[in-house]
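Visitor: I have a structure I would like to understand better, so I am pasting it below and will then ask my questions one at a time.
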Amino acid sequence: MTFSSNYLTCAGREIHYTEWGAPQAPVVIAWHGLARTGRDMDELAAHLSARYRVICPDTIGRGLSQWSPDPKGEYCLAFYARIAADLLAQLQIHQAHWVGTSMGGAIGMVCASGLFEPALKGCIKSLVLNDTAPQIADAAIERIKSYAGSPPAFETVRELETFFRQVYKPYGWLSDAQWRRLTETSTRRLPDGRVTPHYDPAMVQQFTQHPNDYLIWGHYDAIDIPVLCLRGAHSDLVLPETTAAMLQRGPGLRGLTQIVEVPGCGHAPALNVPDQLNRVAAFIDAAR
């Protein structure tokens, strides 16, 4: 299954997204993690595209989307939700399922709550949180800040691939071809000819300018749709006590939240192997 590459101006910024599947099919929004791109969702999108229309955006400051001219004000969940609302409006998407890895799941929560963007309340029919939660561990935030704000540069793409294989080892198993694609879709060349990850290092200001941006229990509590939380068994981002709390409040209190531990992964499962793909697809199918 092939995809198309597209651009729209959302909230005044150029946003890139790939689109898979038939235009008239039910919609799935697949949103990537903090320092990643929408191409991370290729396996999931291909798996779903026989019966869903799958939209995989690059967040502002990542991949092929525009970098923010106002990093302090725009690299935050509220602005990401504004972009998402504009994207869905322009694509005339009135209902969608949402699959989000890490930051992408947090964006899904604040969109589903409708607290930032009231027009989205009721638009999202189900929510998959891939190793993220309404509260994430402080130690993991410090780890992410330590590498995301100062991305390394290398002389060759193969050296960058070696770096990606090390830093994203918690993703679990990836084939050699998948590692190569992850690298090639995550690479930009610097003026001096070296290569570096394809994102704006200033996006890490989300953690310094908006220090409580990922403390979003209020948004989670406002959600009234089915939620599937996939927790990497070795995740340092989503703690077991947090997932336990998710079952006692918000959609969990209403029996709408499922927690599933994914073996062999930390932060975050790559959504690239049959067990993970089938689990996500079955959840979305059941929520249709």
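Ordering of the structure tokens sets the chain letters (A, B, ...); residue numbers start at 1 within each chain; ligands are numbered from 1 in the order shown.
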When DSSP works through the backbone of this structure, what residues of stretch 124-192 of chain A end up as strand (DSSP E), shown as a list in words?
Guide: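 Written out, the strand (DSSP E) residues of stretch 124-192 of chain A are Ile124, Lys125, Ser126, Leu127, Val128, Leu129, Asn130, Thr187, Arg188 and Arg189 of chain A.
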Visitor: Just the selected residues (N, CA, C and O atoms), exported as a compact mmCIF listing (two decimals), in the first residue's frame, please.
Guide:
```
# COMPACT_ATOMS: atom_id res chain seq x y z
N ILE A 124 -13.08 12.78 18.42
CA ILE A 124 -12.23 11.62 18.55
C ILE A 124 -13.03 10.47 19.18
O ILE A 124 -13.61 10.62 20.26
N LYS A 125 -13.07 9.33 18.49
CA LYS A 125 -13.93 8.21 18.88
C LYS A 125 -13.22 7.20 19.77
O LYS A 125 -13.85 6.49 20.54
N SER A 126 -11.90 7.10 19.65
CA SER A 126 -11.12 6.20 20.51
C SER A 126 -9.70 6.71 20.54
O SER A 126 -9.26 7.47 19.65
N LEU A 127 -8.96 6.29 21.57
CA LEU A 127 -7.63 6.84 21.80
C LEU A 127 -6.67 5.74 22.21
O LEU A 127 -6.90 5.05 23.21
N VAL A 128 -5.59 5.58 21.44
CA VAL A 128 -4.51 4.67 21.80
C VAL A 128 -3.33 5.50 22.29
O VAL A 128 -2.83 6.37 21.56
N LEU A 129 -2.91 5.25 23.51
CA LEU A 129 -1.76 5.93 24.11
C LEU A 129 -0.59 4.97 24.11
O LEU A 129 -0.57 4.01 24.89
N ASN A 130 0.36 5.20 23.22
CA ASN A 130 1.51 4.31 23.11
C ASN A 130 2.62 4.79 24.04
O ASN A 130 3.37 5.71 23.72
N THR A 187 16.67 12.33 9.00
CA THR A 187 17.99 12.92 8.78
C THR A 187 17.88 14.24 8.04
O THR A 187 17.14 14.36 7.06
N ARG A 188 18.62 15.23 8.50
CA ARG A 188 18.82 16.46 7.73
C ARG A 188 20.31 16.77 7.71
O ARG A 188 21.05 16.43 8.63
N ARG A 189 20.73 17.43 6.64
CA ARG A 189 22.14 17.75 6.50
C ARG A 189 22.39 19.19 6.91
O ARG A 189 21.64 20.09 6.56
```
Visitor: Identify, on the basis of only C-alpha atoms, every residue whose closest approach to A:Ile284 does not exceed 9 Å; exclude the query and any residue fewer than 2 positions from it along the same chain; express the result as JSON, numbers by chain.
Guide: {"A": [28, 97, 98, 125, 126, 127, 128, 279, 280, 281, 282, 286, 287, 288]}
Visitor: Would you work out the distance separating atom CA of A:Leu239 from atom CA of A:Ala133, expressed in Å to one decimal?
Guide: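 Interatomic distance, atom CA of A:Leu239 to atom CA of A:Ala133: 8.9 Å.
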Visitor: Can you list, as number ranges by chain, every protein, DNA or RNA residue that comes within 8 Å of A:Pro170 when you count only C-alpha atoms, leaving out same-chain residues fewer than 3 positions away?
Guide: A: 167, 234-235, 265-269
Visitor: For those residues, write all heavy atoms to a file as a short mmCIF file (atom, residue, chain, number, x, y, z; two decimals), in the first residue's frame.
Guide:
```
data_model
loop_
_atom_site.label_atom_id
_atom_site.label_comp_id
_atom_site.auth_asym_id
_atom_site.auth_seq_id
_atom_site.Cartn_x
_atom_site.Cartn_y
_atom_site.Cartn_z
N VAL A 167 20.07 4.92 20.81
CA VAL A 167 19.16 5.73 21.62
C VAL A 167 17.73 5.20 21.58
O VAL A 167 16.96 5.37 22.53
CB VAL A 167 19.22 7.22 21.18
CG1 VAL A 167 18.50 7.47 19.88
CG2 VAL A 167 18.67 8.13 22.27
N HIS A 234 9.40 -2.17 30.08
CA HIS A 234 10.58 -1.59 30.71
C HIS A 234 10.58 -0.06 30.63
O HIS A 234 11.63 0.56 30.74
CB HIS A 234 11.85 -2.15 30.06
CG HIS A 234 11.87 -3.65 29.99
ND1 HIS A 234 11.90 -4.45 31.11
CD2 HIS A 234 11.84 -4.49 28.92
CE1 HIS A 234 11.89 -5.72 30.75
NE2 HIS A 234 11.86 -5.78 29.42
N SER A 235 9.43 0.53 30.44
CA SER A 235 9.34 1.97 30.26
C SER A 235 9.79 2.73 31.51
O SER A 235 9.41 2.38 32.63
CB SER A 235 7.90 2.38 29.92
OG SER A 235 7.78 3.78 29.84
N CYS A 265 10.00 -4.20 25.37
CA CYS A 265 10.09 -2.80 24.95
C CYS A 265 10.20 -1.91 26.18
O CYS A 265 9.73 -2.24 27.27
CB CYS A 265 8.84 -2.36 24.17
SG CYS A 265 8.56 -3.24 22.64
N GLY A 266 10.81 -0.75 25.98
CA GLY A 266 10.79 0.32 26.97
C GLY A 266 9.94 1.44 26.41
O GLY A 266 8.78 1.24 26.07
N HIS A 267 10.55 2.62 26.31
CA HIS A 267 9.84 3.76 25.73
C HIS A 267 10.39 4.03 24.34
O HIS A 267 11.54 4.39 24.18
CB HIS A 267 10.04 5.01 26.59
CG HIS A 267 9.30 6.21 26.06
ND1 HIS A 267 7.94 6.32 26.16
CD2 HIS A 267 9.73 7.31 25.41
CE1 HIS A 267 7.56 7.46 25.60
NE2 HIS A 267 8.62 8.08 25.14
N ALA A 268 9.57 3.80 23.32
CA ALA A 268 8.19 3.32 23.34
C ALA A 268 8.09 2.20 22.30
O ALA A 268 8.86 2.18 21.35
CB ALA A 268 7.25 4.45 22.95
N PRO A 269 7.14 1.27 22.44
CA PRO A 269 6.98 0.25 21.42
C PRO A 269 6.89 0.86 20.01
O PRO A 269 6.24 1.88 19.81
CB PRO A 269 5.67 -0.43 21.82
CG PRO A 269 5.61 -0.25 23.30
CD PRO A 269 6.18 1.13 23.55
#
```
Visitor: Pick the closest to A:Ile55 from A:Leu77, A:Leu115, A:Leu8, A:Ile29: which is it, counting only C-alpha atoms?
Guide: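 Once distances to A:Ile55 are computed over only C-alpha atoms, the minimum belongs to A:Ile29.
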Visitor: Please identify which residues in stretch 79-247 of chain A DSSP calls helix (DSSP H, G or I) from the backbone, and express them as a ChimeraX atom specification.
Guide: /A:79-90,103-113,118-120,138-148,157-167,169-171,176-184,201-209,217-221,240-246
Visitor: Report as a list in words all protein, DNA and RNA residues lying within 12 Å of A:Ala78, evaluated on only C-alpha atoms, omitting residues in the same chain fewer than 3 positions from it.
Guide: Ala11, Gly73, Glu74, Tyr75, Ala81, Arg82, Ile83, Ala84, Ala85, Ala106, Ile107, Gly108, Met109, Val110, Cys111, Ser113, Gly114, Leu115, Phe116, Glu117, Pro118, Gln206, His210, Asp213, Tyr214, Ile216 and His219 of chain A
Visitor: Keeping only N, CA and C atoms, write the selected residues as a CSV table (one decimal), in the first residue's frame.
Guide:
```csv
chain,number,residue,atom,x,y,z
A,11,ALA,N,-2.9,26.7,11.6
A,11,ALA,CA,-2.5,27.6,12.6
A,11,ALA,C,-1.4,28.5,12.1
A,73,GLY,N,6.5,30.0,22.6
A,73,GLY,CA,5.0,30.0,22.6
A,73,GLY,C,4.3,28.9,21.9
A,74,GLU,N,5.0,28.2,20.9
A,74,GLU,CA,4.4,27.3,20.0
A,74,GLU,C,4.8,25.8,20.3
A,75,TYR,N,5.9,25.6,20.9
A,75,TYR,CA,6.2,24.2,21.2
A,75,TYR,C,5.6,23.8,22.5
A,81,ALA,N,-2.5,21.1,19.7
A,81,ALA,CA,-3.9,20.8,19.6
A,81,ALA,C,-4.6,21.8,18.6
A,82,ARG,N,-4.1,23.0,18.6
A,82,ARG,CA,-4.6,24.0,17.7
A,82,ARG,C,-4.3,23.6,16.2
A,83,ILE,N,-3.1,23.1,16.0
A,83,ILE,CA,-2.7,22.6,14.7
A,83,ILE,C,-3.6,21.4,14.3
A,84,ALA,N,-3.8,20.5,15.3
A,84,ALA,CA,-4.6,19.3,15.0
A,84,ALA,C,-6.0,19.7,14.6
A,85,ALA,N,-6.6,20.6,15.3
A,85,ALA,CA,-7.9,21.1,15.1
A,85,ALA,C,-8.0,21.7,13.7
A,106,ALA,N,-0.1,12.4,24.1
A,106,ALA,CA,-0.5,13.5,24.9
A,106,ALA,C,-1.3,14.5,24.1
A,107,ILE,N,-0.9,14.7,22.9
A,107,ILE,CA,-1.7,15.6,22.0
A,107,ILE,C,-3.1,15.0,21.8
A,108,GLY,N,-3.2,13.7,21.7
A,108,GLY,CA,-4.5,13.0,21.6
A,108,GLY,C,-5.4,13.3,22.8
A,109,MET,N,-4.8,13.2,24.0
A,109,MET,CA,-5.6,13.4,25.2
A,109,MET,C,-6.1,14.8,25.3
A,110,VAL,N,-5.3,15.8,25.0
A,110,VAL,CA,-5.8,17.2,25.1
A,110,VAL,C,-6.8,17.5,24.0
A,111,CYS,N,-6.6,16.8,22.8
A,111,CYS,CA,-7.6,17.0,21.8
A,111,CYS,C,-9.0,16.3,22.2
A,113,SER,N,-10.1,15.7,25.1
A,113,SER,CA,-10.8,16.4,26.2
A,113,SER,C,-11.7,17.5,25.8
A,114,GLY,N,-11.2,18.2,24.7
A,114,GLY,CA,-11.9,19.4,24.3
A,114,GLY,C,-11.6,20.7,25.1
A,115,LEU,N,-10.7,20.6,26.1
A,115,LEU,CA,-10.5,21.7,27.0
A,115,LEU,C,-9.7,22.8,26.2
A,116,PHE,N,-8.8,22.4,25.4
A,116,PHE,CA,-8.0,23.4,24.6
A,116,PHE,C,-8.8,23.8,23.3
A,117,GLU,N,-9.4,22.8,22.7
A,117,GLU,CA,-10.1,23.0,21.4
A,117,GLU,C,-11.5,22.4,21.5
A,118,PRO,N,-12.4,23.2,22.0
A,118,PRO,CA,-13.8,22.6,22.2
A,118,PRO,C,-14.4,22.0,20.9
A,206,GLN,N,9.7,23.1,25.2
A,206,GLN,CA,8.4,22.7,25.8
A,206,GLN,C,8.6,22.4,27.3
A,210,HIS,N,7.2,25.4,29.5
A,210,HIS,CA,5.9,24.9,29.9
A,210,HIS,C,6.2,23.6,30.8
A,213,ASP,N,3.6,20.9,31.2
A,213,ASP,CA,2.8,20.6,30.0
A,213,ASP,C,2.3,19.2,29.9
A,214,TYR,N,3.0,18.2,30.5
A,214,TYR,CA,2.6,16.8,30.4
A,214,TYR,C,1.9,16.3,31.7
A,216,ILE,N,-1.4,16.3,32.8
A,216,ILE,CA,-2.7,16.5,32.1
A,216,ILE,C,-3.8,15.7,32.6
A,219,HIS,N,-7.3,16.8,31.7
A,219,HIS,CA,-7.7,16.5,30.3
A,219,HIS,C,-8.1,15.0,30.3
```
